[in-house]
>>> print(open('model.cif').read())   # mmCIF, C-alpha atoms and all ligand atoms
data_coords
loop_
_atom_site.label_atom_id
_atom_site.label_comp_id
_atom_site.auth_asym_id
_atom_site.auth_seq_id
_atom_site.Cartn_x
_atom_site.Cartn_y
_atom_site.Cartn_z
CA MET A 1381 11.68 32.55 -9.95
CA TYR A 1382 12.48 29.00 -8.87
CA LYS A 1383 12.66 26.70 -11.95
CA ILE A 1384 10.57 23.55 -11.74
CA LYS A 1385 9.56 21.28 -14.60
CA TYR A 1386 5.84 20.60 -14.71
CA PHE A 1387 3.26 19.17 -17.09
CA SER A 1388 -0.30 20.44 -17.62
CA ASN A 1389 -3.53 18.49 -18.17
CA LEU A 1390 -1.66 15.28 -18.84
CA SER A 1391 -2.91 11.73 -18.54
CA ILE A 1392 -2.11 10.07 -15.22
CA LYS A 1393 -2.37 6.57 -16.72
CA ASP A 1394 1.35 5.93 -16.14
CA LEU A 1395 1.21 7.35 -12.61
CA ASN A 1396 -1.21 4.76 -11.21
CA THR A 1397 -0.86 0.99 -11.38
CA PHE A 1398 -4.62 0.54 -11.90
CA ARG A 1399 -3.86 2.39 -15.15
CA VAL A 1400 -7.06 4.42 -15.07
CA ASP A 1401 -6.97 7.00 -17.81
CA LEU A 1402 -7.72 10.34 -16.15
CA THR A 1403 -5.87 13.65 -16.12
CA ALA A 1404 -4.38 16.06 -13.60
CA LYS A 1405 -4.31 19.85 -13.89
CA LYS A 1406 -0.57 19.77 -13.18
CA ILE A 1407 2.00 17.07 -12.56
CA ILE A 1408 5.31 17.95 -10.95
CA PHE A 1409 8.23 15.59 -10.34
CA ILE A 1410 10.13 16.56 -7.20
CA LYS A 1411 13.74 15.49 -6.68
CA ASN A 1412 14.73 17.46 -3.59
CA ILE A 1413 13.28 18.99 -0.45
CA LYS A 1414 13.88 22.57 -1.61
CA SER A 1415 11.60 22.11 -4.65
CA LEU A 1416 9.02 20.37 -2.48
CA ILE A 1417 8.93 23.30 -0.04
CA TYR A 1418 8.64 25.74 -2.93
CA ILE A 1419 5.65 23.89 -4.46
CA LEU A 1420 3.93 23.48 -1.11
CA GLN A 1421 4.29 27.22 -0.46
CA ILE A 1422 2.70 28.02 -3.83
CA CYS A 1423 -0.14 25.59 -3.11
CA LYS A 1424 -0.71 27.23 0.26
CA LEU A 1425 -0.57 30.77 -1.10
CA TYR A 1426 -3.05 30.14 -3.93
CA GLN A 1427 -5.02 27.42 -2.10
CA ILE A 1428 -4.31 24.86 -4.82
CA PRO A 1429 -5.24 21.25 -3.99
CA HIS A 1430 -2.22 18.95 -4.05
CA LEU A 1431 -1.50 15.26 -3.73
CA ILE A 1432 1.83 13.62 -2.94
CA LEU A 1433 2.26 10.47 -4.98
CA GLY A 1434 4.82 7.67 -4.91
CA GLU A 1435 4.32 5.00 -7.55
CA GLY A 1436 0.52 5.13 -7.47
CA SER A 1437 0.28 1.43 -6.53
CA ASN A 1438 -2.21 1.92 -3.71
CA VAL A 1439 -4.62 4.50 -5.10
CA LEU A 1440 -7.76 4.58 -7.20
CA PHE A 1441 -8.29 7.97 -8.84
CA LEU A 1442 -12.03 8.54 -9.27
CA LYS A 1443 -12.06 11.81 -11.22
CA ASN A 1444 -9.70 14.06 -13.18
CA TYR A 1445 -7.54 15.67 -10.49
CA GLN A 1446 -8.14 19.44 -10.29
CA GLY A 1447 -4.88 20.32 -8.59
CA ILE A 1448 -1.17 19.51 -8.58
CA ILE A 1449 0.08 15.95 -8.35
CA ILE A 1450 3.51 16.10 -6.72
CA VAL A 1451 5.37 12.95 -7.73
CA ASN A 1452 7.94 12.25 -5.05
CA ARG A 1453 11.35 11.30 -6.45
CA ILE A 1454 13.48 12.48 -3.51
CA LYS A 1455 16.19 9.84 -3.35
CA GLY A 1456 19.19 8.86 -1.27
CA ILE A 1457 20.29 6.13 1.13
CA LYS A 1458 22.72 6.63 4.01
CA ILE A 1459 24.05 3.67 5.97
CA VAL A 1460 25.70 3.75 9.38
CA GLU A 1461 27.30 0.66 10.90
CA LYS A 1462 26.90 0.10 14.66
CA SER A 1463 28.29 -2.76 16.69
CA ASN A 1464 25.04 -4.78 16.60
CA ASN A 1465 22.95 -3.09 13.91
CA TRP A 1466 22.86 -1.37 10.57
CA LEU A 1467 21.08 1.99 10.62
CA LEU A 1468 19.66 3.13 7.30
CA HIS A 1469 18.33 6.60 6.53
CA VAL A 1470 16.31 6.34 3.32
CA PHE A 1471 14.60 9.20 1.47
CA SER A 1472 10.94 8.70 0.70
CA GLY A 1473 11.14 8.68 -3.12
CA GLU A 1474 13.35 5.56 -3.21
CA LYS A 1475 11.57 2.39 -4.33
CA TRP A 1476 11.04 -0.25 -1.65
CA HIS A 1477 12.12 -3.20 -3.79
CA ASP A 1478 15.30 -1.37 -4.90
CA LEU A 1479 16.19 -0.93 -1.22
CA VAL A 1480 15.58 -4.63 -0.55
CA LYS A 1481 17.94 -5.59 -3.42
CA TYR A 1482 20.53 -2.94 -2.55
CA THR A 1483 20.83 -3.93 1.11
CA LEU A 1484 20.88 -7.65 0.34
CA ASN A 1485 23.74 -7.17 -2.12
CA LEU A 1486 25.69 -5.29 0.57
CA GLY A 1487 25.16 -8.19 2.99
CA ILE A 1488 22.71 -6.17 5.11
CA LEU A 1489 19.95 -8.68 5.73
CA GLY A 1490 16.40 -8.57 7.03
CA LEU A 1491 14.23 -7.05 4.28
CA GLU A 1492 14.18 -10.11 1.98
CA ASN A 1493 10.65 -11.28 2.93
CA SER A 1494 9.27 -8.04 1.48
CA ALA A 1495 10.86 -8.41 -1.96
CA LEU A 1496 8.86 -7.17 -4.95
CA ILE A 1497 6.36 -5.03 -3.03
CA PRO A 1498 5.79 -2.11 -5.40
CA GLY A 1499 5.86 1.50 -4.25
CA CYS A 1500 8.09 4.05 -2.57
CA ILE A 1501 9.66 4.19 0.87
CA GLY A 1502 7.37 7.01 2.07
CA SER A 1503 4.25 5.03 1.26
CA ALA A 1504 5.74 1.91 2.86
CA ALA A 1505 5.62 3.77 6.18
CA ILE A 1506 2.18 5.29 5.58
CA GLN A 1507 0.75 1.91 4.63
CA ASN A 1508 2.87 -0.19 7.02
CA ILE A 1509 3.45 -2.56 4.10
CA GLY A 1510 3.85 -6.22 4.79
CA ALA A 1511 4.27 -9.65 3.27
CA TYR A 1512 5.36 -13.11 4.30
CA GLY A 1513 5.69 -12.35 8.00
CA LEU A 1514 7.47 -9.00 7.77
CA GLU A 1515 5.85 -5.60 8.25
CA PHE A 1516 7.48 -2.20 7.85
CA LYS A 1517 6.97 -1.53 11.57
CA ASP A 1518 9.25 -4.49 12.42
CA VAL A 1519 12.26 -2.70 10.92
CA CYS A 1520 11.21 0.93 11.43
CA HIS A 1521 13.40 3.08 13.66
CA TYR A 1522 11.84 6.49 12.93
CA VAL A 1523 9.92 8.45 10.29
CA ASP A 1524 10.82 12.03 9.30
CA VAL A 1525 7.83 14.12 8.25
CA MET A 1526 7.50 17.68 7.01
CA SER A 1527 4.50 19.68 8.15
CA PHE A 1528 2.43 21.39 5.43
CA LYS A 1529 1.82 24.27 7.87
CA ASN A 1530 5.37 25.50 8.44
CA ASN A 1531 7.65 23.15 6.45
CA SER A 1532 9.45 22.07 9.59
CA ILE A 1533 10.76 18.52 9.65
CA ILE A 1534 10.12 16.44 12.75
CA ARG A 1535 11.36 12.95 13.62
CA MET A 1536 8.73 10.55 14.90
CA ASN A 1537 9.85 7.48 16.73
CA LYS A 1538 8.30 4.13 15.85
CA ASN A 1539 5.77 4.19 18.71
CA SER A 1540 4.34 7.58 17.80
CA CYS A 1541 3.67 6.35 14.24
CA LYS A 1542 0.81 4.16 15.58
CA PHE A 1543 1.48 1.33 13.17
CA SER A 1544 -1.06 -1.46 12.82
CA TYR A 1545 -2.08 -3.83 10.02
CA ARG A 1546 -1.80 -1.75 6.79
CA ASN A 1547 -2.28 1.39 8.84
CA SER A 1548 -0.44 4.24 10.59
CA ILE A 1549 -0.99 7.74 11.90
CA PHE A 1550 0.07 9.03 8.44
CA LYS A 1551 -2.90 7.35 6.77
CA ASN A 1552 -5.33 8.99 9.19
CA GLN A 1553 -4.88 12.04 11.47
CA TYR A 1554 -1.68 13.21 9.73
CA TYR A 1555 -2.76 12.57 6.12
CA SER A 1556 -3.55 16.12 5.12
CA GLU A 1557 -0.98 17.62 7.48
CA CYS A 1558 2.40 16.32 6.37
CA VAL A 1559 4.59 14.61 3.84
CA VAL A 1560 6.90 11.72 4.68
CA ILE A 1561 10.43 12.84 3.84
CA ALA A 1562 12.57 9.90 4.97
CA VAL A 1563 12.52 6.83 7.15
CA GLY A 1564 15.03 5.26 9.51
CA ILE A 1565 15.40 1.49 9.34
CA LYS A 1566 17.26 -0.63 11.87
CA LEU A 1567 18.48 -4.10 10.87
CA SER A 1568 20.19 -6.45 13.27
CA LYS A 1569 23.57 -7.93 12.35
CA LYS A 1570 22.45 -11.20 13.93
CA TRP A 1571 20.27 -12.32 11.04
CA GLN A 1572 17.72 -15.06 11.49
CA PRO A 1573 15.36 -16.28 8.77
CA LEU A 1574 11.77 -15.14 9.13
CA ILE A 1575 9.85 -18.31 8.37
CA PHE A 1576 6.44 -18.32 6.69
CA SER A 1577 4.25 -21.27 5.76
CA GLU A 1578 4.94 -21.37 1.98
CA LEU A 1579 8.70 -21.44 2.71
CA GLU A 1580 8.43 -24.87 4.24
CA ASN A 1581 7.21 -26.22 0.89
CA HIS A 1582 10.45 -25.11 -0.72
CA MET A 1583 13.30 -26.21 1.57
CA LYS A 1584 14.40 -26.85 5.16
CA PRO A 1585 14.06 -23.42 6.80
CA LYS A 1586 16.96 -24.10 9.18
CA PHE A 1587 19.56 -23.93 6.42
CA ILE A 1588 18.06 -21.18 4.34
CA SER A 1589 19.90 -17.95 3.42
CA ALA A 1590 18.48 -14.44 2.99
CA HIS A 1591 19.20 -14.62 -0.76
CA GLN A 1592 17.22 -17.86 -1.00
CA ILE A 1593 14.27 -16.27 0.84
CA PHE A 1594 14.46 -13.33 -1.56
CA ASN A 1595 14.36 -15.73 -4.54
CA ILE A 1596 11.50 -17.83 -3.13
CA VAL A 1597 9.37 -14.79 -2.26
CA SER A 1598 10.05 -13.34 -5.72
CA LYS A 1599 9.04 -16.64 -7.34
CA ILE A 1600 5.80 -16.95 -5.32
CA ARG A 1601 4.83 -13.36 -6.02
CA THR A 1602 5.61 -13.57 -9.74
CA LYS A 1603 3.46 -16.71 -9.96
CA ASN A 1604 0.51 -15.51 -7.85
CA LEU A 1605 0.17 -11.78 -8.49
CA PRO A 1606 -0.89 -10.08 -11.72
CA ASN A 1607 1.92 -8.76 -13.91
CA LEU A 1608 1.75 -4.98 -13.52
CA LYS A 1609 3.03 -4.47 -17.06
CA LYS A 1610 0.01 -6.27 -18.46
CA ILE A 1611 -2.86 -5.99 -15.96
CA GLY A 1612 -3.84 -2.88 -14.00
CA ASN A 1613 -4.27 -3.46 -10.26
CA ALA A 1614 -3.30 -2.10 -6.85
CA GLY A 1615 -2.50 -5.36 -5.06
CA SER A 1616 -5.10 -6.40 -2.47
CA PHE A 1617 -8.02 -4.03 -2.93
CA PHE A 1618 -9.43 -4.98 0.48
CA LYS A 1619 -7.68 -5.80 3.74
CA ASN A 1620 -8.15 -9.15 5.41
CA PRO A 1621 -10.91 -8.39 7.95
CA ILE A 1622 -10.11 -8.59 11.66
CA ILE A 1623 -13.18 -9.57 13.66
CA LYS A 1624 -14.25 -10.43 17.21
CA LYS A 1625 -13.51 -13.95 18.47
CA LYS A 1626 -17.19 -14.82 18.99
CA HIS A 1627 -18.10 -13.87 15.43
CA ALA A 1628 -15.08 -15.77 14.07
CA GLU A 1629 -15.93 -18.89 16.09
CA LYS A 1630 -19.40 -18.89 14.58
CA LEU A 1631 -17.99 -18.69 11.04
CA ILE A 1632 -15.24 -21.25 11.67
CA CYS A 1633 -17.91 -23.63 12.96
CA LEU A 1634 -19.93 -23.23 9.77
CA TYR A 1635 -17.16 -23.03 7.18
CA ASN A 1636 -13.61 -24.27 6.60
CA ILE A 1637 -12.34 -20.71 6.58
CA PRO A 1638 -8.62 -19.79 6.91
CA TYR A 1639 -8.09 -17.67 10.04
CA TYR A 1640 -5.21 -16.18 11.99
CA PRO A 1641 -5.53 -15.36 15.73
CA GLN A 1642 -4.05 -11.94 16.59
CA SER A 1643 -2.11 -10.99 19.73
CA ASP A 1644 -5.02 -8.82 20.98
CA GLY A 1645 -7.52 -11.71 20.94
CA LEU A 1646 -9.17 -10.69 17.66
CA ILE A 1647 -9.16 -13.00 14.63
CA LYS A 1648 -7.98 -12.18 11.10
CA ILE A 1649 -10.04 -13.93 8.43
CA SER A 1650 -8.99 -14.52 4.83
CA GLY A 1651 -10.82 -11.89 2.76
CA GLY A 1652 -9.93 -13.78 -0.43
CA TRP A 1653 -11.75 -16.85 0.90
CA LEU A 1654 -14.84 -14.78 1.81
CA ILE A 1655 -15.03 -13.31 -1.70
CA GLU A 1656 -14.44 -16.73 -3.26
CA HIS A 1657 -17.43 -18.08 -1.34
CA CYS A 1658 -19.88 -15.40 -2.44
CA ASN A 1659 -20.22 -16.90 -5.92
CA LEU A 1660 -18.87 -13.76 -7.53
CA LYS A 1661 -16.06 -15.50 -9.39
CA ASN A 1662 -16.97 -14.45 -12.92
CA ILE A 1663 -18.48 -11.07 -12.17
CA GLN A 1664 -17.23 -8.32 -14.44
CA ILE A 1665 -18.28 -4.66 -14.64
CA GLY A 1666 -16.99 -3.31 -17.95
CA ASP A 1667 -13.31 -4.21 -17.87
CA ALA A 1668 -13.14 -4.44 -14.05
CA ALA A 1669 -12.88 -7.99 -12.69
CA ILE A 1670 -11.70 -10.14 -9.79
CA TYR A 1671 -8.23 -11.68 -10.21
CA GLN A 1672 -8.91 -15.41 -10.28
CA LYS A 1673 -5.76 -16.51 -8.40
CA LYS A 1674 -6.21 -13.98 -5.57
CA LYS A 1675 -9.74 -12.77 -4.99
CA LEU A 1676 -8.72 -9.76 -2.87
CA ILE A 1677 -7.16 -8.26 -5.99
CA LEU A 1678 -9.36 -6.34 -8.41
CA ILE A 1679 -8.05 -5.85 -11.93
CA ASN A 1680 -8.43 -3.51 -14.84
CA LYS A 1681 -8.38 -5.89 -17.80
CA LYS A 1682 -7.91 -3.12 -20.31
CA LYS A 1683 -9.99 0.05 -20.27
CA ALA A 1684 -11.94 -0.09 -17.01
CA THR A 1685 -13.15 3.24 -15.72
CA PRO A 1686 -12.62 4.01 -12.02
CA GLN A 1687 -16.42 3.93 -11.62
CA GLU A 1688 -16.49 0.34 -12.93
CA ILE A 1689 -13.75 -0.70 -10.50
CA LEU A 1690 -15.54 1.07 -7.64
CA GLN A 1691 -18.90 -0.47 -8.56
CA LEU A 1692 -17.34 -3.95 -8.59
CA ALA A 1693 -15.78 -3.32 -5.18
CA GLN A 1694 -19.11 -2.09 -3.79
CA ILE A 1695 -20.89 -5.22 -5.04
CA ILE A 1696 -18.24 -7.43 -3.39
CA TYR A 1697 -18.51 -5.41 -0.17
CA ARG A 1698 -22.30 -5.85 -0.03
CA HIS A 1699 -22.24 -9.58 -0.82
CA VAL A 1700 -19.64 -10.30 1.87
CA LEU A 1701 -21.57 -8.20 4.38
CA LYS A 1702 -24.83 -9.96 3.58
CA LYS A 1703 -23.43 -13.49 3.67
CA PHE A 1704 -20.89 -13.25 6.50
CA ASN A 1705 -21.85 -10.06 8.37
CA ILE A 1706 -18.33 -8.73 7.77
CA HIS A 1707 -17.49 -5.22 6.57
CA LEU A 1708 -14.54 -5.47 4.17
CA GLU A 1709 -12.29 -2.46 4.50
CA PRO A 1710 -10.54 -1.22 1.35
CA GLU A 1711 -6.76 -1.02 1.47
CA VAL A 1712 -6.47 1.43 -1.43
CA ASP A 1713 -6.88 5.20 -1.10
CA PHE A 1714 -9.64 6.79 -3.18
CA ILE A 1715 -8.71 10.13 -4.72
CA GLY A 1716 -11.48 12.51 -5.79
CA SER A 1717 -11.15 15.66 -7.89
CA ILE A 1718 -9.45 17.61 -5.10
CA LYS A 1719 -8.84 15.28 -2.16
CA LYS A 1720 -8.80 11.79 -0.69
CA ILE A 1721 -12.32 10.41 -0.17
CA LYS A 1722 -13.38 8.78 3.07
CA THR A 1723 -13.83 5.05 2.53
CA SER A 1724 -16.92 4.99 4.74
CA ASP A 1725 -18.60 7.40 2.30
CA LEU A 1726 -18.13 4.94 -0.57
CA PHE A 1727 -18.85 1.63 1.11
CA THR A 1728 -22.31 1.40 2.62
CA LEU A 1729 -25.22 -1.00 2.27
CA LYS A 1730 -27.22 1.42 0.16
CA ASN A 1731 -26.14 3.49 -2.83
CA LYS A 1732 -25.84 7.09 -1.74
CA LYS A 1733 -24.96 10.08 -3.81
CA ILE A 1734 -21.42 11.22 -3.15
CA ILE A 1735 -19.67 14.13 -4.77
CA TYR A 1736 -16.00 13.42 -5.22
P1 LIG A 1801 0.95 5.63 -3.69
O1 LIG A 1801 -0.13 4.80 -4.27
O2 LIG A 1801 1.69 6.54 -4.60
O3 LIG A 1801 0.39 6.46 -2.47
C1 LIG A 1801 -0.41 5.85 -1.49
C2 LIG A 1801 -0.98 6.94 -0.56
O4 LIG A 1801 0.06 7.54 0.20
C3 LIG A 1801 -1.65 8.08 -1.32
O5 LIG A 1801 -2.76 8.50 -0.57
C4 LIG A 1801 -0.59 9.16 -1.37
O6 LIG A 1801 -1.15 10.45 -1.43
C5 LIG A 1801 0.15 8.95 -0.06
N1 LIG A 1801 1.58 9.26 -0.14
C6 LIG A 1801 2.49 8.67 -0.94
N2 LIG A 1801 3.73 9.10 -0.65
C7 LIG A 1801 3.61 10.01 0.34
C8 LIG A 1801 4.54 10.79 1.09
N3 LIG A 1801 5.86 10.74 0.88
N4 LIG A 1801 4.05 11.59 2.06
C9 LIG A 1801 2.71 11.65 2.32
N5 LIG A 1801 1.79 10.94 1.64
C10 LIG A 1801 2.22 10.12 0.66
N6 LIG A 1801 1.22 -3.80 -0.17
C11 LIG A 1801 1.63 -4.54 0.89
O7 LIG A 1801 1.61 -4.06 2.03
N7 LIG A 1801 2.06 -5.83 0.73
C12 LIG A 1801 2.11 -6.43 -0.47
O8 LIG A 1801 2.50 -7.59 -0.57
C13 LIG A 1801 1.69 -5.67 -1.61
N8 LIG A 1801 1.69 -6.23 -2.85
C14 LIG A 1801 1.29 -5.49 -3.91
C15 LIG A 1801 1.33 -6.08 -5.18
C16 LIG A 1801 0.95 -5.36 -6.29
C17 LIG A 1801 0.99 -6.02 -7.65
C18 LIG A 1801 0.51 -4.01 -6.16
C19 LIG A 1801 0.13 -3.21 -7.34
C20 LIG A 1801 0.46 -3.42 -4.90
C21 LIG A 1801 0.84 -4.16 -3.76
N9 LIG A 1801 0.79 -3.60 -2.48
C22 LIG A 1801 1.23 -4.34 -1.41
C23 LIG A 1801 0.26 -2.23 -2.27
C24 LIG A 1801 1.31 -1.12 -2.52
O9 LIG A 1801 2.42 -1.64 -3.17
C25 LIG A 1801 1.76 -0.48 -1.21
O10 LIG A 1801 0.66 0.08 -0.52
C26 LIG A 1801 2.79 0.63 -1.44
O11 LIG A 1801 3.34 1.03 -0.21
C27 LIG A 1801 2.23 1.85 -2.16
O12 LIG A 1801 3.32 2.67 -2.51
P2 LIG A 1801 3.18 3.83 -3.58
O13 LIG A 1801 4.44 4.62 -3.55
O14 LIG A 1801 2.79 3.30 -4.89
O15 LIG A 1801 1.99 4.66 -2.93
N1 LIG A 1802 -7.26 -17.50 0.09
C1 LIG A 1802 -8.40 -17.96 -0.57
N2 LIG A 1802 -8.75 -17.37 -1.74
C2 LIG A 1802 -8.05 -16.33 -2.27
C3 LIG A 1802 -6.91 -15.84 -1.58
C4 LIG A 1802 -6.54 -16.45 -0.39
O1 LIG A 1802 -9.06 -18.88 -0.12
O2 LIG A 1802 -8.45 -15.85 -3.32
C5 LIG A 1802 -6.87 -18.13 1.35
C6 LIG A 1802 -5.95 -19.33 1.14
O3 LIG A 1802 -6.27 -20.31 2.12
C7 LIG A 1802 -4.56 -18.76 1.40
C8 LIG A 1802 -4.84 -17.71 2.47
O4 LIG A 1802 -6.14 -17.21 2.16
O5 LIG A 1802 -3.66 -19.74 1.83
C9 LIG A 1802 -3.84 -16.57 2.50
O6 LIG A 1802 -3.61 -16.10 1.19
P1 LIG A 1802 -2.29 -15.30 0.80
O7 LIG A 1802 -1.12 -15.82 1.59
O8 LIG A 1802 -2.15 -15.19 -0.64
O9 LIG A 1802 -2.61 -13.92 1.40
P2 LIG A 1802 -3.65 -12.81 1.02
O10 LIG A 1802 -4.52 -12.66 2.19
O11 LIG A 1802 -4.29 -12.99 -0.32
C10 LIG A 1802 -1.93 -11.10 2.02
C11 LIG A 1802 -1.66 -9.65 1.81
C12 LIG A 1802 -0.73 -9.46 0.62
C13 LIG A 1802 0.59 -10.18 0.91
C14 LIG A 1802 0.29 -11.66 1.14
C15 LIG A 1802 1.53 -12.43 1.55
C16 LIG A 1802 -3.50 -8.36 2.65
C17 LIG A 1802 -4.73 -7.58 2.34
N3 LIG A 1802 -2.89 -8.92 1.61
O12 LIG A 1802 -2.65 -11.56 0.88
O13 LIG A 1802 -0.46 -8.08 0.48
O14 LIG A 1802 1.48 -10.04 -0.18
O15 LIG A 1802 -0.68 -11.79 2.21
O16 LIG A 1802 1.93 -12.11 2.83
O17 LIG A 1802 -3.12 -8.46 3.81
C18 LIG A 1802 -1.35 -6.08 -0.45
O18 LIG A 1802 -1.44 -5.66 0.71
O19 LIG A 1802 -1.65 -5.39 -1.45
C19 LIG A 1802 -0.88 -7.44 -0.68
C20 LIG A 1802 -0.81 -8.00 -1.88
#
>>> encode(input="model.cif", output="structure tokens")
Amino acid sequence: MYKIKYFSNLSIKDLNTFRVDLTAKKIIFIKNIKSLIYILQICKLYQIPHLILGEGSNVLFLKNYQGIIIVNRIKGIKIVEKSNNWLLHVFSGEKWHDLVKYTLNLGILGLENSALIPGCIGSAAIQNIGAYGLEFKDVCHYVDVMSFKNNSIIRMNKNSCKFSYRNSIFKNQYYSECVVIAVGIKLSKKWQPLIFSELENHMKPKFISAHQIFNIVSKIRTKNLPNLKKIGNAGSFFKNPIIKKKHAEKLICLYNIPYYPQSDGLIKISGGWLIEHCNLKNIQIGDAAIYQKKKLILINKKKATPQEILQLAQIIYRHVLKKFNIHLEPEVDFIGSIKKIKTSDLFTLKNKKIIY
């Protein structure tokens, strides 16, 4: 038999950054594609529920998981130099921030704006991560995925990944069909700084280097975001809502609300501002609370249960809907006892009974 190390009925507290204290029937750490294929075949044969996990920094587990959590630690980075670009092939279990540091130290520039985003490379593609003007899609060349059906690996070019704001085909249609194995990243040799508003407070953007951007972004993030070692959270719990121009104009007329016009004519509104203006500042359900510096972030102060975090999020959702007629969309994935739960089942105006 194939030898794989696994753990039974263990706490998953260290496998999710919200630090909710639940268990999984089995936890398996996977370091290569062969072991992954083997586990997936077993799951298929015995119809065992399974979940691929990176660093657990974008999930809220709602129940003890009644299947196998496959923790992806498939690593490796290959770099090819072309006349105008660097082509990187990065396996999905590498950490995003480690890649940012690694490339910067080699003089391969272009990822610095996304310093300190937690999580693995695979999830970066699924989530189309972004910060300070850079999104994964801007540097993506391709994504390699393995189908759960037949374990074949296919290469998807950037366009077929259907990237949009914190979204991709992998988060939707393909979610229960495949695992992201590796990504291709293309970085131009003609580096230019990617300027964002906070940068201008620090120094003249014209003379800035990639290392300086890396340091400034790291400084801003360390100051503004909760320290993962001390406070459980999953970054922004909700996305910034994108709404129709007419609706936005009405709100902008009434309030001094930060907004960002999008290329398709829609308007992105600051979700943090909306929450801040619902008078929910000091709301706390058990140990679940709103992070005071960034209201889109929900925190587990110590021993919050997932139900407390969910209840807090539902209250926020309803208040924002009532006051601004805007449906906040969660950014995190909700994991039930055997599978991911549809967000629309959890966030409605009325409480409904959901089995997860
Ligand atoms: P996980 O939480 O492990 O997984 C997320 C989902 O993807 C799950 O549904 C999982 O089943 C699935 N999945 C994971 N790997 C695979 C795979 N290889 N194949 C198929 N499915 C898979 N995000 C941003 O975009 N910008 C930010 O600035 C940002 N800041 C953050 C700050 C903090 C403090 C925290 C805690 C989070 C932040 N996030 C941010 C969110 C988070 O870091 C990203 O969403 C990240 O990409 C999640 O990576 P992960 O490996 O932890 O994913
Ligand atoms: N604002 C408020 N109150 C708040 C937060 C923000 O009024 O509590 C207003 C301020 O005017 C502020 C503006 O909104 O200037 C924008 O805030 P910020 O730049 O901090 O951005 P954000 O909307 O809170 C987004 C991403 C972050 C990303 C930062 C930086 C989403 C959902 N969140 O946060 O990503 O790091 O921009 O680019 O898009 C994540 O996805 O998990 C995440 C942390």
>>> residues_around(input="model.cif", residues="A:Ser1391", least_positions_apart="4", cutoff="7 Å", atoms="all atoms listed in the file", output="PDB file with C-alpha atoms, keeping the file's coordinate frame")
ATOM      1  CA  ASP A1401      -6.970   7.000 -17.810  1.00  0.00           C
ATOM      2  CA  LEU A1402      -7.720  10.340 -16.150  1.00  0.00           C
ATOM      3  CA  THR A1403      -5.870  13.650 -16.120  1.00  0.00           C
ATOM      4  CA  ALA A1404      -4.380  16.060 -13.600  1.00  0.00           C
TER       5      ALA A1404
END
>>> residues_around(input="model.cif", residues="A:Leu1467", least_positions_apart="4", cutoff="9 Å", atoms="all atoms listed in the file", output="PDB file with C-alpha atoms, keeping the file's coordinate frame")
ATOM      1  CA  LYS A1458      22.720   6.630   4.010  1.00  0.00           C
ATOM      2  CA  ILE A1459      24.050   3.670   5.970  1.00  0.00           C
ATOM      3  CA  VAL A1460      25.700   3.750   9.380  1.00  0.00           C
ATOM      4  CA  GLU A1461      27.300   0.660  10.900  1.00  0.00           C
ATOM      5  CA  LYS A1462      26.900   0.100  14.660  1.00  0.00           C
ATOM      6  CA  HIS A1521      13.400   3.080  13.660  1.00  0.00           C
ATOM      7  CA  GLY A1564      15.030   5.260   9.510  1.00  0.00           C
ATOM      8  CA  ILE A1565      15.400   1.490   9.340  1.00  0.00           C
ATOM      9  CA  LYS A1566      17.260  -0.630  11.870  1.00  0.00           C
ATOM     10  CA  LEU A1567      18.480  -4.100  10.870  1.00  0.00           C
ATOM     11  CA  SER A1568      20.190  -6.450  13.270  1.00  0.00           C
TER      12      SER A1568
END
>>> residues_around(input="model.cif", residues="A:Leu1431", least_positions_apart="3", cutoff="9 Å", atoms="all atoms listed in the file", output="PyMOL selection string")
chain A and resi 1447-1451+1715+1718-1720
>>> atom_distance(input="model.cif", atom1="atom CA of A:Gly1510", atom2="atom CA of A:Asn1531")
29.7 Å
>>> residues_around(input="model.cif", residues="A:Val1559", least_positions_apart="4", cutoff="9 Å", atoms="all atoms listed in the file", output="PDB file with C-alpha atoms, in the coordinates of the input")
ATOM      1  CA  ILE A1432       1.830  13.620  -2.940  1.00  0.00           C
ATOM      2  CA  GLY A1502       7.370   7.010   2.070  1.00  0.00           C
ATOM      3  CA  ASP A1524      10.820  12.030   9.300  1.00  0.00           C
ATOM      4  CA  VAL A1525       7.830  14.120   8.250  1.00  0.00           C
ATOM      5  CA  MET A1526       7.500  17.680   7.010  1.00  0.00           C
ATOM      6  CA  SER A1527       4.500  19.680   8.150  1.00  0.00           C
ATOM      7  CA  PHE A1528       2.430  21.390   5.430  1.00  0.00           C
ATOM      8  CA  PHE A1550       0.070   9.030   8.440  1.00  0.00           C
ATOM      9  CA  TYR A1554      -1.680  13.210   9.730  1.00  0.00           C
ATOM     10  CA  TYR A1555      -2.760  12.570   6.120  1.00  0.00           C
TER      11      TYR A1555
END
>>> residues_around(input="model.cif", residues="A:Arg1601", least_positions_apart="6", cutoff="12 Å", atoms="only C-alpha atoms", output="PyMOL selection string")
chain A and resi 1493-1498+1511-1512+1578+1594-1595+1607-1608+1615+1673-1674
>>> closest_residue(input="model.cif", among="A:Lys1619, A:Lys1584, A:His1469, A:Lys1630", to="ligand LIG 1801 (chain A)", atoms="all atoms listed in the file")
A:Lys1619
>>> residues_near_ligand(input="model.cif", ligand="ligand LIG 1802 (chain A)", cutoff="8 Å", atoms="all atoms listed in the file", output="PyMOL selection string")
chain A and resi 1438+1497+1509-1513+1545-1546+1601+1604-1605+1614-1620+1637-1638+1650-1656+1672-1677+1711
